[in-house]
file input.txt (compact mmCIF, C-alpha atoms)
# COMPACT_ATOMS: atom_id res chain seq x y z
CA MET A 121 26.98 54.49 12.56
CA LYS A 122 23.71 53.30 14.00
CA ILE A 123 23.52 49.53 14.20
CA PRO A 124 20.13 48.27 13.00
CA PHE A 125 18.08 46.31 15.50
CA ILE A 126 17.52 42.70 14.45
CA LYS A 127 14.65 41.00 16.19
CA LYS A 128 15.55 37.55 17.48
CA GLU A 129 12.99 34.87 16.70
CA PRO A 130 12.09 32.80 19.76
CA LYS A 131 13.50 29.29 19.91
CA ILE A 132 10.59 26.94 20.57
CA GLY A 133 10.80 23.40 21.89
CA LEU A 134 8.26 20.60 21.67
CA ALA A 135 7.90 17.80 24.24
CA PHE A 136 5.90 14.61 23.67
CA GLY A 137 4.82 12.71 26.77
CA GLY A 138 4.51 8.98 27.39
CA GLY A 139 1.33 6.94 27.62
CA GLY A 140 1.71 3.70 25.70
CA THR A 141 -0.49 3.36 22.65
CA ARG A 142 -2.44 6.41 23.76
CA GLY A 143 0.46 8.23 22.15
CA PHE A 144 -1.28 7.81 18.80
CA SER A 145 -3.01 11.07 19.69
CA HIS A 146 0.38 12.79 19.21
CA ILE A 147 -0.11 12.16 15.48
CA GLY A 148 -3.23 14.34 15.49
CA VAL A 149 -1.31 17.10 17.26
CA ILE A 150 1.37 16.99 14.56
CA LYS A 151 -1.37 17.13 11.92
CA ALA A 152 -2.64 20.40 13.44
CA PHE A 153 0.89 21.84 13.53
CA GLU A 154 1.28 21.03 9.84
CA GLN A 155 -2.05 22.62 8.99
CA PHE A 156 -1.02 25.90 10.63
CA GLY A 157 2.57 25.84 9.35
CA LEU A 158 4.20 25.53 12.78
CA LYS A 159 7.81 24.30 12.88
CA PHE A 160 9.64 23.66 16.14
CA ASP A 161 13.34 24.08 16.87
CA TYR A 162 13.87 21.25 19.35
CA VAL A 163 12.03 18.03 20.17
CA ALA A 164 12.11 15.87 23.30
CA GLY A 165 10.16 12.71 23.99
CA THR A 166 9.55 10.11 26.67
CA SER A 167 8.53 6.52 25.91
CA VAL A 168 6.03 6.54 23.01
CA GLY A 169 6.68 10.27 22.86
CA SER A 170 10.29 9.53 21.96
CA LEU A 171 9.17 7.29 19.09
CA ILE A 172 6.75 9.79 17.60
CA GLY A 173 9.02 12.71 18.47
CA ALA A 174 11.88 11.12 16.54
CA ALA A 175 9.61 10.57 13.55
CA TYR A 176 8.61 14.24 13.64
CA ALA A 177 12.24 15.32 14.11
CA ASN A 178 13.20 13.29 11.04
CA GLY A 179 10.68 15.11 8.86
CA LEU A 180 7.94 12.49 8.63
CA THR A 181 4.47 13.90 8.11
CA SER A 182 1.48 13.03 10.28
CA SER A 183 0.12 10.91 7.42
CA GLN A 184 3.35 8.93 7.18
CA ILE A 185 3.46 8.35 10.94
CA PHE A 186 -0.22 7.35 10.91
CA ASP A 187 0.42 4.75 8.19
CA ILE A 188 3.20 3.22 10.28
CA GLY A 189 1.00 3.11 13.38
CA ARG A 190 -2.03 1.72 11.57
CA ASN A 191 -0.03 -1.24 10.27
CA LEU A 192 1.54 -2.12 13.62
CA LYS A 193 0.73 -5.39 15.35
CA THR A 194 1.35 -6.14 19.02
CA ARG A 195 3.70 -8.97 18.04
CA ASP A 196 5.81 -6.42 16.11
CA ILE A 197 6.61 -4.66 19.39
CA ARG A 198 6.46 -7.34 22.06
CA THR A 199 8.23 -10.35 20.63
CA SER A 200 7.99 -12.64 23.68
CA ARG A 201 5.29 -15.28 23.24
CA VAL A 202 5.12 -16.04 26.98
CA PHE A 203 2.68 -13.65 28.67
CA PHE A 204 4.51 -13.29 32.00
CA MET A 205 8.01 -13.12 30.47
CA PRO A 206 9.51 -9.73 29.57
CA SER A 207 10.34 -9.27 25.92
CA LYS A 208 13.56 -7.98 24.42
CA THR A 209 13.24 -4.64 22.64
CA ASP A 210 14.26 -6.16 19.29
CA GLY A 211 10.82 -5.37 17.83
CA ILE A 212 11.04 -1.68 18.73
CA GLU A 213 14.59 -1.44 17.41
CA LYS A 214 13.63 -3.15 14.14
CA LEU A 215 10.72 -0.73 13.69
CA ILE A 216 13.09 2.22 14.13
CA VAL A 217 15.72 0.86 11.74
CA ASP A 218 13.11 -0.07 9.13
CA THR A 219 11.59 3.42 9.37
CA PHE A 220 14.66 5.67 9.68
CA GLY A 221 17.62 3.45 8.86
CA ASP A 222 20.37 2.52 11.31
CA ILE A 223 21.18 6.14 12.19
CA ASN A 224 22.29 8.22 15.15
CA ILE A 225 20.21 10.87 16.86
CA GLU A 226 22.53 13.52 15.45
CA ASP A 227 21.38 12.56 11.94
CA LEU A 228 17.79 13.71 12.53
CA LYS A 229 16.66 16.91 10.81
CA ILE A 230 15.60 18.64 14.04
CA PRO A 231 17.68 18.41 17.24
CA PHE A 232 16.16 15.70 19.43
CA SER A 233 16.49 14.08 22.86
CA ALA A 234 14.98 10.84 24.18
CA VAL A 235 14.42 10.52 27.92
CA ALA A 236 15.06 7.28 29.79
CA VAL A 237 16.08 6.14 33.28
CA ASP A 238 19.31 4.34 34.16
CA ILE A 239 18.36 1.66 36.68
CA LYS A 240 22.01 1.35 37.76
CA THR A 241 22.00 4.88 39.17
CA THR A 242 18.20 5.58 39.19
CA LYS A 243 19.02 8.86 37.41
CA GLN A 244 17.15 10.34 34.50
CA VAL A 245 19.06 10.15 31.21
CA CYS A 246 18.71 12.69 28.40
CA ILE A 247 20.02 11.03 25.23
CA SER A 248 20.97 13.46 22.47
CA HIS A 249 23.74 11.44 20.80
CA GLY A 250 24.23 7.87 19.72
CA ASN A 251 22.22 5.10 18.11
CA LEU A 252 18.61 6.18 17.59
CA ALA A 253 17.06 2.70 17.77
CA LYS A 254 18.75 1.88 21.08
CA ALA A 255 17.88 5.28 22.58
CA ILE A 256 14.18 4.99 21.71
CA ALA A 257 14.06 1.35 22.84
CA GLY A 258 15.48 2.41 26.19
CA SER A 259 13.00 5.26 26.53
CA CYS A 260 10.10 2.89 25.72
CA CYS A 261 11.32 0.02 27.93
CA VAL A 262 8.40 -0.47 30.33
CA PRO A 263 9.66 -2.53 33.30
CA GLY A 264 8.11 -5.98 33.37
CA PHE A 265 7.13 -5.82 29.70
CA PHE A 266 10.67 -5.45 28.34
CA HIS A 267 14.19 -6.31 29.42
CA PRO A 268 16.31 -3.23 30.22
CA VAL A 269 18.32 -1.87 27.29
CA GLU A 270 22.11 -1.68 27.40
CA PHE A 271 23.21 1.71 26.08
CA LYS A 272 26.84 2.76 26.50
CA ASP A 273 27.54 2.17 30.23
CA LYS A 274 23.87 2.40 31.22
CA LEU A 275 20.95 0.05 31.70
CA LEU A 276 17.88 1.90 30.46
CA CYS A 277 14.20 1.65 31.31
CA ASP A 278 11.15 3.77 30.48
CA GLY A 279 11.72 7.49 30.92
CA GLY A 280 8.25 7.78 32.44
CA LEU A 281 9.69 6.47 35.72
CA GLN A 282 11.24 9.92 36.22
CA ASN A 283 9.92 12.29 33.57
CA THR A 284 6.63 11.42 31.89
CA ILE A 285 6.30 14.73 30.04
CA PRO A 286 9.82 16.06 29.38
CA ALA A 287 8.97 19.75 29.01
CA ASN A 288 12.08 20.68 31.00
CA ILE A 289 14.50 19.11 28.52
CA PRO A 290 14.24 21.72 25.70
CA ARG A 291 15.01 24.39 28.33
CA TYR A 292 18.49 22.91 28.74
CA PHE A 293 19.01 23.41 25.00
CA ASP A 294 18.24 27.13 25.10
CA CYS A 295 14.58 27.07 24.09
CA ASP A 296 12.70 30.25 25.00
CA TYR A 297 9.32 28.51 25.03
CA VAL A 298 8.15 24.92 25.32
CA VAL A 299 4.91 23.44 24.04
CA ALA A 300 4.23 20.03 25.62
CA VAL A 301 1.76 17.29 24.77
CA ASP A 302 0.18 15.03 27.41
CA CYS A 303 -1.50 12.07 25.72
CA ASN A 304 -2.68 10.64 29.05
CA SER A 305 -4.12 13.59 30.96
CA THR A 306 -6.66 11.43 32.80
CA ARG A 307 -4.00 9.01 34.04
CA THR A 308 -5.25 9.18 37.61
CA TYR A 309 -8.59 7.82 38.71
CA GLY A 310 -9.56 6.06 41.90
CA THR A 311 -11.10 2.73 42.76
CA ASP A 312 -13.60 1.51 45.33
CA SER A 313 -12.19 -2.02 45.10
CA THR A 314 -9.93 -3.51 47.78
CA LYS A 315 -8.60 -6.24 45.47
CA LEU A 316 -4.82 -6.33 45.34
CA LEU A 317 -4.39 -5.61 41.61
CA ASP A 318 -6.95 -2.79 41.69
CA VAL A 319 -5.23 -1.17 44.67
CA LEU A 320 -1.77 -1.52 43.10
CA GLY A 321 -3.06 -0.09 39.82
CA CYS A 322 -4.52 2.91 41.60
CA THR A 323 -1.35 3.58 43.59
CA LEU A 324 0.74 3.48 40.41
CA ARG A 325 -1.61 5.97 38.78
CA VAL A 326 -1.22 8.31 41.76
CA LEU A 327 2.58 8.10 41.47
CA MET A 328 2.44 8.78 37.73
CA LYS A 329 0.28 11.84 38.31
CA SER A 330 2.83 13.41 40.66
CA ASN A 331 5.53 12.62 38.08
CA ALA A 332 3.57 14.37 35.31
CA VAL A 333 3.17 17.56 37.34
CA LYS A 334 6.79 18.51 36.55
CA GLY A 335 5.91 18.60 32.86
CA TYR A 336 3.01 20.97 33.47
CA VAL A 337 5.23 23.24 35.57
CA SER A 338 7.97 23.39 32.91
CA ALA A 339 5.73 23.97 29.86
CA ASP A 340 4.55 27.33 28.57
CA LEU A 341 1.58 25.52 27.06
CA MET A 342 0.28 22.01 27.63
CA ILE A 343 -1.93 20.26 25.06
CA ALA A 344 -3.73 17.75 27.25
CA THR A 345 -5.65 14.91 25.61
CA ASP A 346 -8.24 12.73 27.33
CA ASN A 347 -7.61 9.16 26.20
CA LYS A 348 -9.03 7.38 29.23
CA ARG A 349 -11.43 5.31 27.12
CA PHE A 350 -8.50 3.73 25.26
CA LYS A 351 -6.18 1.06 26.64
CA SER A 352 -2.52 2.03 26.96
CA MET A 353 -1.33 -1.40 25.79
CA LYS A 354 -3.87 -1.99 22.98
CA LEU A 355 -3.66 -0.87 19.36
CA ASP A 356 -7.40 -0.29 19.02
CA GLY A 357 -8.87 3.16 18.38
CA ILE A 358 -6.03 4.79 16.48
CA ASP A 359 -8.37 6.91 14.31
CA GLU A 360 -10.26 8.24 17.33
CA MET A 361 -7.04 8.99 19.22
CA VAL A 362 -5.59 10.90 16.26
CA GLU A 363 -8.80 12.92 16.01
CA GLU A 364 -8.73 13.62 19.77
CA GLY A 365 -5.18 14.95 19.56
CA TYR A 366 -5.96 17.03 16.47
CA ARG A 367 -9.01 18.63 18.10
CA ASN A 368 -7.12 19.53 21.27
CA ALA A 369 -4.21 21.01 19.30
CA VAL A 370 -6.51 23.11 17.11
CA ASP A 371 -8.18 24.48 20.25
CA ALA A 372 -4.74 25.58 21.49
CA ILE A 373 -3.65 27.25 18.23
CA PRO A 374 -4.37 30.85 19.35
CA GLN A 375 -2.09 30.43 22.38
CA ILE A 376 0.56 28.67 20.28
CA MET A 377 0.52 31.53 17.78
CA GLU A 378 1.20 33.92 20.66
CA ILE A 379 4.22 31.81 21.56
CA PHE A 380 5.53 31.77 17.99
CA SER A 381 5.18 35.54 17.78
CA GLY A 382 7.23 35.89 20.98
CA LYS A 383 4.41 37.81 22.65
CA ALA A 384 3.40 35.13 25.13
CA LYS A 385 4.52 35.43 28.72
CA LYS A 386 7.41 33.05 29.35
CA GLN A 387 7.10 30.37 31.99
CA LYS A 388 9.60 30.80 34.80
CA PHE A 389 11.67 27.63 34.53
CA LYS A 390 12.36 25.86 37.82
CA ASP A 391 15.63 24.00 37.32
CA PHE A 392 15.04 21.38 40.03
CA ASP A 393 16.25 18.34 38.08
CA LYS A 394 19.54 19.17 36.36
CA ASP A 395 21.80 17.56 38.98
CA GLU A 396 19.75 14.36 38.65
CA ILE A 397 20.01 14.12 34.85
CA ASP A 398 22.79 12.48 32.87
CA PHE A 399 23.16 14.27 29.51
CA ILE A 400 24.70 11.95 26.93
call {"tool": "encode", "arguments": {"input": "input.txt", "output": "structure tokens"}}
result
Amino acid sequence: MKIPFIKKEPKIGLAFGGGGTRGFSHIGVIKAFEQFGLKFDYVAGTSVGSLIGAAYANGLTSSQIFDIGRNLKTRDIRTSRVFFMPSKTDGIEKLIVDTFGDINIEDLKIPFSAVAVDIKTTKQVCISHGNLAKAIAGSCCVPGFFHPVEFKDKLLCDGGLQNTIPANIPRYFDCDYVVAVDCNSTRTYGTDSTKLLDVLGCTLRVLMKSNAVKGYVSADLMIATDNKRFKSMKLDGIDEMVEEGYRNAVDAIPQIMEIFSGKAKKQKFKDFDKDEIDFI
């Protein structure tokens, strides 16, 4: 008897990059995905990308995520009242619990991973199990702004220290294609100033650019959004950032449709990080 051929649908992952409040543009990207009926099989996120990625993975619509973002205040996130003192991540954790409930990552509707860095070992950590609020707080824990987050036997800080755009992560969970979103594509710009803070700021931007390159290499398609005119630590401009993300995602829809049809050429995945990642 002849066995009928059953075409396998491609498994498609989605990776949201970090970038502070510039991550509001991720909401516009999700809006475009909704408009064109695109549903992803796996989601990974770093820093703000882990927050919005978890919301998407739990079935929240772009409108629902936008309403949460629009009502946020800086004091809701950074609870320390002393400017030079790092804050605990209680505000981030409360936001997560208020939004999703006190749940584990495994309870989300779409498989999800948050990316952080363990400062005990300096290794990248891919968190796919355990308390969602703690995992996202660890992924969003910008050094100097927040105290490191204790999670299991680890001490977590912002995943952007190792993996700003975690396009490689869905590959480890058998995704055939990965669409990634960079909400801070103009992260690197120079300075003609020799002042200490200006020089340090520029050098950090250079380091972050080299970090982001890995995401571009691992993605089959990168949706890159220019949010340079917005501050990464300010909540101003949410409407404009959402529109920027939406416009860039709509422009990429023809290529994304090729991916969903399985006709797009697959990116050759360079597995250069696996030995340096703790999967938990």
call {"tool": "residues_near_point", "arguments": {"input": "input.txt", "point": "(23.3, 10.5, 28.2)", "cutoff": "7 Å", "atoms": "all atoms listed in the file", "output": "PyMOL selection string"}}
result
chain A and resi 245-248+398-400
call {"tool": "closest_residue", "arguments": {"input": "input.txt", "among": "A:Arg367, A:Gly169, A:Ile212, A:Asp356", "to": "A:Phe266", "atoms": "all atoms listed in the file"}}
result
A:Ile212
call {"tool": "closest_atom_pairs", "arguments": {"input": "input.txt", "of": "stretch 148-180 of chain A", "to": "stretch 378-389 of chain A", "cutoff": "12 Å", "atoms": "only C-alpha atoms", "output": "tab-separated table"}}
result
residue	atom	partner	partner_atom	distance
A:Phe153	CA	A:Phe380	CA	11.8
A:Phe156	CA	A:Phe380	CA	11.5
A:Gly157	CA	A:Phe380	CA	10.9
A:Leu158	CA	A:Phe380	CA	8.2
A:Lys159	CA	A:Phe380	CA	9.3
A:Phe160	CA	A:Phe380	CA	9.3
A:Asp161	CA	A:Phe380	CA	11.0
call {"tool": "atom_distance", "arguments": {"input": "input.txt", "atom1": "atom CA of A:Ile188", "atom2": "atom CA of A:Leu215"}}
result
9.2 Å
call {"tool": "residues_around", "arguments": {"input": "input.txt", "residues": "A:Lys272", "least_positions_apart": "2", "cutoff": "10 Å", "atoms": "all atoms listed in the file", "output": "ChimeraX atom specification"}}
result
/A:250-251,254,269-270,274-276,400
call {"tool": "atom_distance", "arguments": {"input": "input.txt", "atom1": "atom CA of A:Ala174", "atom2": "atom CA of A:Phe232"}}
result
6.9 Å
call {"tool": "residues_near_point", "arguments": {"input": "input.txt", "point": "(23.9, 10.2, 12.7)", "cutoff": "9 Å", "atoms": "only C-alpha atoms", "output": "ChimeraX atom specification"}}
result
/A:222-228,249-252
call {"tool": "closest_residue", "arguments": {"input": "input.txt", "among": "A:Gly179, A:Pro130, A:Pro206, A:Gly143", "to": "A:Thr219", "atoms": "all atoms listed in the file"}}
result
A:Gly179
call {"tool": "closest_atom_pairs", "arguments": {"input": "input.txt", "of": "stretch 216-327 of chain A", "to": "stretch 334-343 of chain A", "cutoff": "7 Å", "atoms": "all atoms listed in the file", "output": "CSV"}}
result
residue,atom,partner,partner_atom,distance
A:Ile285,CA,A:Gly335,CA,4.8
A:Pro286,CA,A:Gly335,CA,5.8
A:Ala287,CA,A:Gly335,CA,5.1
A:Asn288,CA,A:Ser338,CA,5.3
A:Tyr297,CA,A:Asp340,CA,6.1
A:Val298,CA,A:Ala339,CA,5.2
A:Val299,CA,A:Leu341,CA,5.0
A:Ala300,CA,A:Met342,CA,4.9
A:Val301,CA,A:Ile343,CA,4.7
A:Asp302,CA,A:Ile343,CA,6.1
call {"tool": "atom_distance", "arguments": {"input": "input.txt", "atom1": "atom CA of A:Cys303", "atom2": "atom CA of A:Asn283"}}
result
13.9 Å
call {"tool": "closest_residue", "arguments": {"input": "input.txt", "among": "A:Ser207, A:Leu192, A:Ile197, A:Ala135", "to": "A:Ile172", "atoms": "only C-alpha atoms"}}
result
A:Ala135
call {"tool": "closest_residue", "arguments": {"input": "input.txt", "among": "A:Met361, A:Ser145, A:Gly264, A:Gly140", "to": "A:Met205", "atoms": "all atoms listed in the file"}}
result
A:Gly264
call {"tool": "closest_residue", "arguments": {"input": "input.txt", "among": "A:Pro231, A:Gly365, A:Gly137, A:Pro263", "to": "A:Gly165", "atoms": "all atoms listed in the file"}}
result
A:Gly137
